[in-house]
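Visitor: Below you'll find model-v7.cif; it's mmCIF, C-alpha atoms.
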```cif
data_coords
loop_
_atom_site.label_atom_id
_atom_site.label_comp_id
_atom_site.auth_asym_id
_atom_site.auth_seq_id
_atom_site.Cartn_x
_atom_site.Cartn_y
_atom_site.Cartn_z
CA MET A 1 -21.92 -42.45 12.59
CA ILE A 2 -25.10 -44.03 13.91
CA ASP A 3 -25.61 -43.70 17.66
CA THR A 4 -27.14 -47.11 18.37
CA GLU A 5 -27.39 -46.43 22.10
CA GLU A 6 -29.58 -43.44 21.37
CA LEU A 7 -31.65 -45.47 18.89
CA ARG A 8 -32.17 -48.24 21.44
CA LYS A 9 -33.62 -45.70 23.86
CA SER A 10 -35.51 -43.35 21.57
CA HIS A 11 -37.04 -45.52 18.87
CA ARG A 12 -40.27 -47.18 19.89
CA VAL A 13 -40.73 -50.68 18.46
CA LYS A 14 -43.51 -53.19 18.71
CA ARG A 15 -43.18 -55.68 21.52
CA LYS A 16 -42.65 -58.54 19.02
CA ASP A 17 -39.78 -56.57 17.41
CA ILE A 18 -37.79 -55.81 20.55
CA ILE A 19 -35.41 -58.77 20.19
CA PRO A 20 -34.76 -58.33 16.44
CA TRP A 21 -34.37 -54.55 16.95
CA ASN A 22 -31.66 -55.10 19.54
CA GLN A 23 -30.02 -57.68 17.26
CA PHE A 24 -30.10 -55.10 14.49
CA MET A 25 -28.44 -52.51 16.73
CA ASP A 26 -25.71 -55.04 17.59
CA PHE A 27 -25.32 -55.79 13.88
CA ILE A 28 -24.82 -52.08 13.09
CA ASP A 29 -22.14 -51.80 15.78
CA GLU A 30 -20.32 -55.02 14.88
CA HIS A 31 -20.13 -54.33 11.16
CA ASP A 32 -19.69 -50.54 11.30
CA LYS A 33 -22.81 -49.88 9.25
CA ASN A 34 -23.54 -46.25 8.43
CA TYR A 35 -27.00 -45.46 7.09
CA SER A 36 -27.89 -42.01 5.84
CA ASN A 37 -31.07 -41.33 7.82
CA LYS A 38 -33.81 -42.80 9.98
CA ARG A 39 -35.84 -43.80 6.95
CA GLU A 40 -32.98 -45.94 5.63
CA ILE A 41 -32.45 -47.45 9.07
CA LEU A 42 -36.08 -48.58 9.23
CA LYS A 43 -35.91 -49.91 5.66
CA LYS A 44 -32.80 -51.92 6.50
CA PHE A 45 -34.42 -53.18 9.70
CA LYS A 46 -37.33 -54.54 7.68
CA ILE A 47 -34.90 -56.41 5.42
CA PHE A 48 -32.98 -57.61 8.47
CA LYS A 49 -36.15 -59.08 10.01
CA THR A 50 -37.01 -60.91 6.79
CA ASN A 51 -33.48 -62.30 6.65
CA LEU A 52 -33.82 -63.68 10.19
CA LYS A 53 -36.59 -65.90 8.80
CA ALA A 54 -34.37 -66.93 5.87
CA ILE A 55 -31.57 -67.81 8.30
CA LYS A 56 -33.96 -70.03 10.24
CA MET A 57 -35.06 -71.73 7.01
CA TYR A 58 -31.50 -72.43 5.86
CA GLN A 59 -30.65 -73.83 9.28
CA GLN A 60 -33.65 -76.15 9.28
CA LYS A 61 -32.79 -77.47 5.82
CA GLU A 62 -29.04 -77.85 6.40
CA HIS A 63 -27.88 -81.48 6.13
CA GLY A 64 -24.35 -80.79 7.31
CA THR A 65 -23.04 -79.15 10.47
CA ALA A 66 -23.11 -75.59 9.11
CA VAL A 67 -24.44 -72.84 11.34
CA TYR A 68 -26.22 -69.91 9.70
CA GLY A 69 -26.71 -66.54 11.33
CA ILE A 70 -26.28 -62.80 11.13
CA THR A 71 -23.40 -61.81 8.84
CA GLN A 72 -22.24 -58.53 7.32
CA PHE A 73 -24.76 -59.18 4.52
CA ALA A 74 -27.82 -59.38 6.79
CA ASP A 75 -29.11 -55.96 5.68
CA LEU A 76 -29.25 -56.95 1.99
CA THR A 77 -32.21 -58.60 0.31
CA PRO A 78 -31.34 -61.80 -1.59
CA ALA A 79 -31.78 -59.84 -4.82
CA GLN A 80 -29.40 -57.08 -3.66
CA PHE A 81 -26.85 -59.65 -2.49
CA LYS A 82 -27.02 -61.46 -5.83
CA LYS A 83 -26.71 -58.24 -7.84
CA ILE A 84 -23.61 -57.11 -5.94
CA TYR A 85 -21.76 -60.34 -5.15
CA LEU A 86 -23.21 -62.99 -7.50
CA PRO A 87 -24.12 -61.07 -10.66
CA TYR A 88 -23.03 -63.68 -13.15
CA GLN A 89 -24.65 -67.05 -13.82
CA TRP A 90 -21.81 -69.27 -15.00
CA GLU A 91 -22.06 -70.68 -18.50
CA GLU A 92 -20.43 -73.51 -20.39
CA PRO A 93 -17.40 -72.11 -22.26
CA ILE A 94 -17.88 -71.51 -25.99
CA ILE A 95 -14.68 -73.44 -26.64
CA PRO A 96 -14.61 -76.51 -24.34
CA ASN A 97 -11.79 -76.56 -21.81
CA ARG A 98 -9.07 -79.17 -22.17
CA VAL A 99 -9.75 -81.85 -19.57
CA ALA A 100 -6.69 -82.98 -17.65
CA ASN A 101 -5.27 -86.45 -18.16
CA LEU A 102 -4.10 -87.03 -14.62
CA GLU A 103 -1.55 -89.74 -15.39
CA ALA A 104 -0.06 -87.66 -18.21
CA GLU A 105 0.33 -84.84 -15.66
CA GLY A 106 2.03 -87.18 -13.16
CA VAL A 107 -0.96 -87.58 -10.86
CA TYR A 108 -1.87 -91.16 -9.94
CA VAL A 109 -5.21 -91.69 -8.23
CA GLU A 110 -4.15 -95.04 -6.78
CA ASP A 111 -1.37 -93.40 -4.76
CA ALA A 112 -2.09 -93.15 -1.05
CA LEU A 113 -3.29 -89.75 0.12
CA PRO A 114 -2.95 -88.13 3.54
CA GLU A 115 -6.14 -88.18 5.62
CA THR A 116 -6.06 -84.38 5.76
CA PHE A 117 -4.23 -81.80 3.69
CA ASP A 118 -4.10 -78.01 3.75
CA TRP A 119 -1.98 -75.88 1.42
CA ARG A 120 -2.09 -73.03 3.93
CA GLU A 121 0.28 -75.09 6.05
CA HIS A 122 2.72 -75.41 3.15
CA GLY A 123 2.94 -71.74 2.15
CA ALA A 124 0.97 -71.86 -1.10
CA VAL A 125 -1.96 -69.63 -0.10
CA THR A 126 -2.00 -65.85 0.32
CA SER A 127 -4.06 -64.15 3.01
CA VAL A 128 -7.83 -63.84 2.59
CA LYS A 129 -8.80 -60.92 0.34
CA ASN A 130 -12.00 -58.92 0.00
CA GLN A 131 -13.67 -58.29 -3.36
CA GLY A 132 -15.79 -55.51 -1.86
CA MET A 133 -18.99 -54.44 -3.62
CA CYS A 134 -17.80 -55.79 -6.96
CA GLY A 135 -18.73 -59.12 -8.58
CA SER A 136 -15.10 -60.05 -9.22
CA CYS A 137 -15.01 -63.40 -7.42
CA TRP A 138 -13.90 -65.04 -10.68
CA ALA A 139 -10.70 -62.95 -10.62
CA PHE A 140 -9.91 -63.91 -7.00
CA SER A 141 -10.53 -67.59 -7.70
CA THR A 142 -8.17 -67.39 -10.68
CA THR A 143 -5.36 -65.49 -8.96
CA GLY A 144 -5.55 -67.84 -5.98
CA ASN A 145 -4.95 -70.77 -8.28
CA VAL A 146 -2.09 -69.05 -10.12
CA GLU A 147 -0.52 -67.94 -6.81
CA GLY A 148 -0.43 -71.59 -5.74
CA GLN A 149 0.95 -72.79 -9.08
CA TRP A 150 3.70 -70.16 -9.02
CA PHE A 151 4.61 -71.11 -5.47
CA LEU A 152 4.97 -74.77 -6.43
CA ALA A 153 7.04 -73.92 -9.52
CA LYS A 154 9.24 -71.16 -8.10
CA LYS A 155 9.03 -71.66 -4.30
CA LYS A 156 7.90 -68.05 -3.99
CA LEU A 157 4.44 -66.86 -2.91
CA VAL A 158 3.35 -63.67 -4.69
CA SER A 159 0.01 -61.98 -4.05
CA LEU A 160 -1.33 -61.26 -7.52
CA SER A 161 -3.48 -58.48 -8.96
CA GLU A 162 -7.19 -59.14 -9.35
CA GLN A 163 -7.58 -55.54 -10.48
CA GLU A 164 -5.53 -56.27 -13.60
CA LEU A 165 -8.12 -58.87 -14.59
CA VAL A 166 -11.06 -56.61 -13.71
CA ASP A 167 -9.59 -53.83 -15.88
CA CYS A 168 -7.89 -55.70 -18.72
CA ASP A 169 -9.73 -59.00 -19.27
CA LYS A 170 -11.71 -58.53 -22.50
CA LEU A 171 -13.59 -61.83 -22.27
CA ASP A 172 -15.18 -61.18 -18.88
CA GLN A 173 -17.27 -58.37 -17.42
CA GLY A 174 -15.18 -57.01 -14.56
CA CYS A 175 -17.39 -56.23 -11.57
CA GLU A 176 -20.36 -57.71 -13.43
CA GLY A 177 -18.86 -61.20 -13.29
CA GLY A 178 -16.81 -63.61 -15.32
CA LEU A 179 -15.32 -67.09 -15.62
CA PRO A 180 -11.89 -68.34 -14.50
CA SER A 181 -11.68 -70.37 -17.72
CA ASN A 182 -11.76 -67.07 -19.65
CA ALA A 183 -9.40 -65.37 -17.22
CA TYR A 184 -6.62 -67.90 -17.82
CA LYS A 185 -6.80 -67.21 -21.56
CA GLU A 186 -6.58 -63.48 -20.87
CA ILE A 187 -3.61 -63.86 -18.53
CA ILE A 188 -1.77 -65.55 -21.41
CA ARG A 189 -2.79 -62.77 -23.82
CA LEU A 190 -1.68 -60.07 -21.35
CA GLY A 191 1.67 -61.76 -20.85
CA GLY A 192 1.06 -62.51 -17.17
CA LEU A 193 -0.10 -60.87 -13.97
CA GLU A 194 1.35 -58.02 -11.95
CA SER A 195 1.61 -58.29 -8.19
CA GLU A 196 -1.02 -56.82 -5.88
CA ASP A 197 1.53 -54.20 -4.81
CA LYS A 198 2.13 -53.00 -8.36
CA TYR A 199 -1.51 -53.08 -9.50
CA PRO A 200 -3.64 -52.75 -6.31
CA TYR A 201 -7.29 -53.63 -5.99
CA ASP A 202 -9.95 -50.91 -5.72
CA ALA A 203 -13.20 -52.86 -6.35
CA ARG A 204 -14.30 -51.02 -9.49
CA GLY A 205 -13.54 -51.23 -13.18
CA GLU A 206 -11.01 -48.77 -14.57
CA SER A 207 -8.97 -48.40 -17.75
CA CYS A 208 -6.34 -51.08 -18.21
CA HIS A 209 -2.86 -49.91 -17.26
CA VAL A 210 -0.85 -53.12 -17.10
CA ALA A 211 2.88 -52.50 -17.41
CA LYS A 212 4.89 -55.28 -19.03
CA PRO A 213 8.03 -54.60 -16.92
CA ASP A 214 5.94 -55.12 -13.76
CA ILE A 215 4.64 -58.57 -14.73
CA SER A 216 5.42 -60.92 -11.83
CA VAL A 217 4.13 -64.29 -13.03
CA TYR A 218 3.04 -65.91 -16.26
CA ILE A 219 1.18 -69.05 -17.31
CA ASN A 220 1.14 -71.02 -20.56
CA ASP A 221 -2.02 -73.12 -20.30
CA SER A 222 -5.00 -74.13 -18.17
CA LEU A 223 -6.87 -77.39 -17.60
CA GLU A 224 -10.29 -78.51 -16.42
CA LEU A 225 -10.21 -81.30 -13.87
CA PRO A 226 -12.41 -84.41 -14.00
CA HIS A 227 -15.52 -83.92 -11.85
CA ASP A 228 -14.56 -86.68 -9.43
CA GLU A 229 -13.70 -85.99 -5.80
CA LYS A 230 -11.02 -88.69 -5.48
CA GLN A 231 -9.24 -87.40 -8.58
CA MET A 232 -9.59 -83.83 -7.35
CA GLN A 233 -8.01 -84.79 -4.01
CA SER A 234 -5.08 -86.42 -5.80
CA TRP A 235 -4.60 -83.35 -7.99
CA LEU A 236 -4.88 -80.98 -5.03
CA VAL A 237 -2.17 -82.73 -3.00
CA GLN A 238 0.28 -82.93 -5.88
CA LYS A 239 -0.57 -79.88 -7.96
CA GLY A 240 -1.87 -77.20 -5.59
CA PRO A 241 -5.08 -75.24 -4.87
CA ILE A 242 -7.99 -75.60 -7.30
CA SER A 243 -10.27 -72.89 -8.73
CA ILE A 244 -13.92 -74.01 -8.67
CA GLY A 245 -17.43 -72.64 -9.17
CA ILE A 246 -20.20 -73.01 -6.60
CA ASN A 247 -23.67 -71.70 -5.88
CA ALA A 248 -23.10 -69.21 -3.07
CA THR A 249 -26.70 -68.13 -2.47
CA PRO A 250 -26.97 -69.71 1.02
CA LEU A 251 -23.53 -68.39 1.99
CA GLN A 252 -25.02 -64.94 2.54
CA PHE A 253 -25.73 -66.16 6.08
CA TYR A 254 -23.02 -68.81 6.62
CA ARG A 255 -21.16 -68.54 9.93
CA HIS A 256 -19.19 -71.77 10.42
CA GLY A 257 -19.28 -75.55 10.11
CA ILE A 258 -19.54 -77.95 7.18
CA THR A 259 -22.21 -77.01 4.68
CA HIS A 260 -23.90 -79.67 2.59
CA PRO A 261 -25.44 -77.85 -0.40
CA TRP A 262 -28.89 -78.71 -1.66
CA LYS A 263 -28.55 -80.98 -4.68
CA ILE A 264 -30.04 -78.42 -7.07
CA PHE A 265 -27.32 -75.91 -6.11
CA CYS A 266 -24.67 -78.32 -7.44
CA ALA A 267 -26.06 -78.34 -11.00
CA PRO A 268 -23.71 -76.64 -13.51
CA TYR A 269 -26.38 -74.10 -14.51
CA MET A 270 -26.69 -72.98 -10.86
CA LEU A 271 -23.06 -71.95 -10.39
CA ASN A 272 -22.61 -68.25 -9.60
CA HIS A 273 -19.44 -67.77 -7.54
CA GLY A 274 -15.73 -68.52 -7.93
CA VAL A 275 -13.71 -69.75 -4.96
CA LEU A 276 -10.53 -71.73 -4.24
CA ILE A 277 -10.15 -75.21 -2.74
CA VAL A 278 -7.00 -75.25 -0.58
CA GLY A 279 -7.39 -78.53 1.30
CA TYR A 280 -9.61 -81.24 2.70
CA GLY A 281 -10.20 -83.08 5.97
CA THR A 282 -12.75 -84.85 8.13
CA GLU A 283 -14.65 -83.91 11.27
CA LYS A 284 -16.46 -86.63 13.22
CA ASN A 285 -16.12 -88.89 10.17
CA LYS A 286 -17.67 -86.22 7.94
CA PRO A 287 -15.42 -85.31 4.99
CA PHE A 288 -15.09 -81.73 3.83
CA TRP A 289 -13.24 -79.45 1.44
CA ILE A 290 -11.51 -76.34 2.81
CA VAL A 291 -12.45 -73.38 0.62
CA LYS A 292 -11.01 -69.87 0.48
CA ASN A 293 -13.56 -67.16 -0.25
CA SER A 294 -13.06 -63.48 -1.15
CA TRP A 295 -15.42 -61.74 1.29
CA GLY A 296 -12.82 -60.77 3.90
CA THR A 297 -11.80 -62.39 7.17
CA ARG A 298 -14.93 -61.33 9.07
CA TRP A 299 -17.03 -63.72 7.02
CA GLY A 300 -17.26 -67.45 7.73
CA GLU A 301 -14.31 -69.20 9.35
CA GLN A 302 -11.82 -66.31 9.08
CA GLY A 303 -12.70 -65.97 5.41
CA TYR A 304 -12.94 -69.70 4.68
CA TYR A 305 -15.73 -72.22 4.72
CA ARG A 306 -16.01 -75.98 4.61
CA TYR A 307 -18.37 -77.96 2.44
CA ASP A 308 -19.21 -81.55 1.64
CA GLU A 309 -20.83 -82.61 -1.62
#
```
Represent the structure of the file as structure tokens.
Guide:
Amino acid sequence: MIDTEELRKSHRVKRKDIIPWNQFMDFIDEHDKNYSNKREILKKFKIFKTNLKAIKMYQQKEHGTAVYGITQFADLTPAQFKKIYLPYQWEEPIIPNRVANLEAEGVYVEDALPETFDWREHGAVTSVKNQGMCGSCWAFSTTGNVEGQWFLAKKKLVSLSEQELVDCDKLDQGCEGGLPSNAYKEIIRLGGLESEDKYPYDARGESCHVAKPDISVYINDSLELPHDEKQMQSWLVQKGPISIGINATPLQFYRHGITHPWKIFCAPYMLNHGVLIVGYGTEKNKPFWIVKNSWGTRWGEQGYYRYDE
């Protein structure tokens, strides 16, 4: 363990670094960081100081109400963060996804919608999970969607195994990234998903050991939704949480509030992270989506964030 009280007293820093040094000590304590030696501590402090400037930049350029600050990722360079948590630049699927015909699926856009809606309040969302140091966001986004679909179909919420996808999905790259659109195809090939209890998560790729008798849920198809917010709201209310891709680069330092992404981050070729829309609402007349992430409850708004396109 690092004795930050001793470091505060013994390590001499430049006058201009006193405030960031104390912030860094607080960061170590809050997030239980454990560096191997003094050299690593000073290296991480240098990164931390650079990130304080990045946080200030994101805050200045934010068009929503989001607040950026020191998070558990504040000792990682942007390149390190991307390599660990956002290793995969999403691509268009080789075989185009089938786009949903909303009316054929019983979803009518002209129907009145509630002003706010949150599937967490209706039992369709499991607790926030943590992908750890593994680029498996795509698996968490997928299981979150399937968990919601199973709840709506069977009135039973089952926490599903991301590890099964990390280990057994042959179309994706495990901890090196993947696509939910591939994962749905693999769930069908595998015959379904085991529960988290039966096939627990350990944040690294291992040999596939799915057991057919332990399969808890199955699916028979997947759909891509029209890229229209009104239609997505209608689908969400009637059909459950939605798996989506975003650009999560600025989220390294997100604390709370409604983030309004830079336009370039919304381009399809910029997507690099899978998450789950569970609801929507408004705050001071500003609309937002409620999004479940997979970086644990200490990140963002107890593991969630809000964004407005």
Visitor: Which polymer residues, whether protein, DNA or RNA, lie within 8 Å of the coordinate (-23.1, -65.4, -9.6) when you count all atoms listed in the file? List them as a list in words, using the chain letters and numbers from the file.
Guide: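 Checked against the point, the hits come out as Lys82, Tyr85, Leu86, Pro87, Tyr88, Gln89, Trp90, Gly135, Gly177, Asn247, Ala248, Leu271, Asn272 and His273 of chain A.
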Visitor: Residues at most 9 Å from segment 249-259 of chain A, counting only C-alpha atoms, excluding those fewer than 3 positions away in the same chain, as a ChimeraX atom specification?
Guide: /A:51,54-55,58,62-74,78,81-82,86,265,272-273,283,286-289,299-301,304-309
Visitor: For this structure, which residues satisfy the selection - the PyMOL selection byres ((chain A and resi 148) around 8) - when it is evaluated on the file as given? I want them as a PyMOL selection string.
Guide: chain A and resi 124-125+144-147+149-152+157+240-241
Visitor: Determine the nearest neighbour of Leu102 of chain A from the options A:Thr143, A:Val275, A:Gln233, A:Glu164, counting all atoms listed in the file.
Guide: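 Selected residue with least distance to Leu102 of chain A: A:Gln233.
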Visitor: How far is it from atom CA of Asn101 of chain A to atom CA of Ile244 of chain A, in Å with one decimal?
Guide: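 Value for the atom CA of Asn101 of chain A-atom CA of Ile244 of chain A distance: 17.9 Å.
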Visitor: With only C-alpha atoms as the atoms that count, which of A:Ala100, A:Lys156, A:Lys284, A:Glu196 lies nearest to Lys129 of chain A?
Guide: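 Ranking A:Ala100, A:Lys156, A:Lys284, A:Glu196 by distance to Lys129 of chain A, first place goes to A:Glu196.
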Visitor: Once the PyMOL selection byres ((chain A and resi 234) around 12) is applied to the coordinates I shared, what remains selected? I want it as a PyMOL selection string.
Guide: chain A and resi 102-103+105-117+225-226+228-233+235-242+279-280
Visitor: Might you spell out which residues the PyMOL selection byres ((chain A and resi 276) around 6) would select in the displayed file, as a ChimeraX atom specification?
Guide: /A:141,242-243,275,277,291-292
Visitor: Could you please take those selected residues and save C-alpha atoms as a PDB file, in the frame of the given file?
Guide:
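Here's the written file selection-v7.pdb:
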```pdb
ATOM      1  CA  SER A 141     -10.530 -67.590  -7.700  1.00  0.00           C
ATOM      2  CA  ILE A 242      -7.990 -75.600  -7.300  1.00  0.00           C
ATOM      3  CA  SER A 243     -10.270 -72.890  -8.730  1.00  0.00           C
ATOM      4  CA  VAL A 275     -13.710 -69.750  -4.960  1.00  0.00           C
ATOM      5  CA  ILE A 277     -10.150 -75.210  -2.740  1.00  0.00           C
ATOM      6  CA  VAL A 291     -12.450 -73.380   0.620  1.00  0.00           C
ATOM      7  CA  LYS A 292     -11.010 -69.870   0.480  1.00  0.00           C
TER       8      LYS A 292
END
```
Visitor: Would you compute the distance between atom CA of Gln163 of chain A and atom CA of Ser136 of chain A? Give it in Å to one decimal.
Guide: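 For atom CA of Gln163 of chain A relative to atom CA of Ser136 of chain A, the distance reads 8.9 Å.
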Visitor: Rounded to one decimal in Å, what is the spacing between atom CA of Asp17 of chain A and atom CA of Arg298 of chain A?
Guide: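 Atom CA of Asp17 of chain A sits 26.6 Å away from atom CA of Arg298 of chain A.
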Visitor: Excluding Gly274 of chain A and residues on its chain fewer than 3 positions from it, collect all residues at most 8 Å away from it, counting all atoms listed in the file, and give them as a ChimeraX atom specification.
Guide: /A:137-141,179-180,243-246
Visitor: Considering only C-alpha atoms, state which residue in the set A:Lys44, A:Arg189, A:Lys49, A:Arg8 is at the smallest distance from Pro20 of chain A.
Guide: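 Among the listed residues, the smallest separation from Pro20 of chain A belongs to A:Lys49.
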Visitor: Measuring between all atoms listed in the file, which one of A:Val128, A:Leu76, A:Ile18, A:Cys175 shows the shortest distance to Asn293 of chain A?
Guide: A:Val128
Visitor: Do you know which residues are at most 9 Å from Asp214 of chain A counting only C-alpha atoms, after dropping those on the same chain fewer than 6 positions away, and could you put them as a count of residues only?
Guide: 5
Visitor: Restricting the calculation to only C-alpha atoms: of A:Phe48, A:Ser294, A:Thr77, A:Gly178, which residue gets closest to Gln23 of chain A?
Guide: A:Phe48
Visitor: Pick the closest to His260 of chain A from A:Glu5, A:Lys170, A:Ile19, A:Lys61: which is it, counting all atoms listed in the file?
Guide: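 The closest residue to His260 of chain A is A:Lys61.
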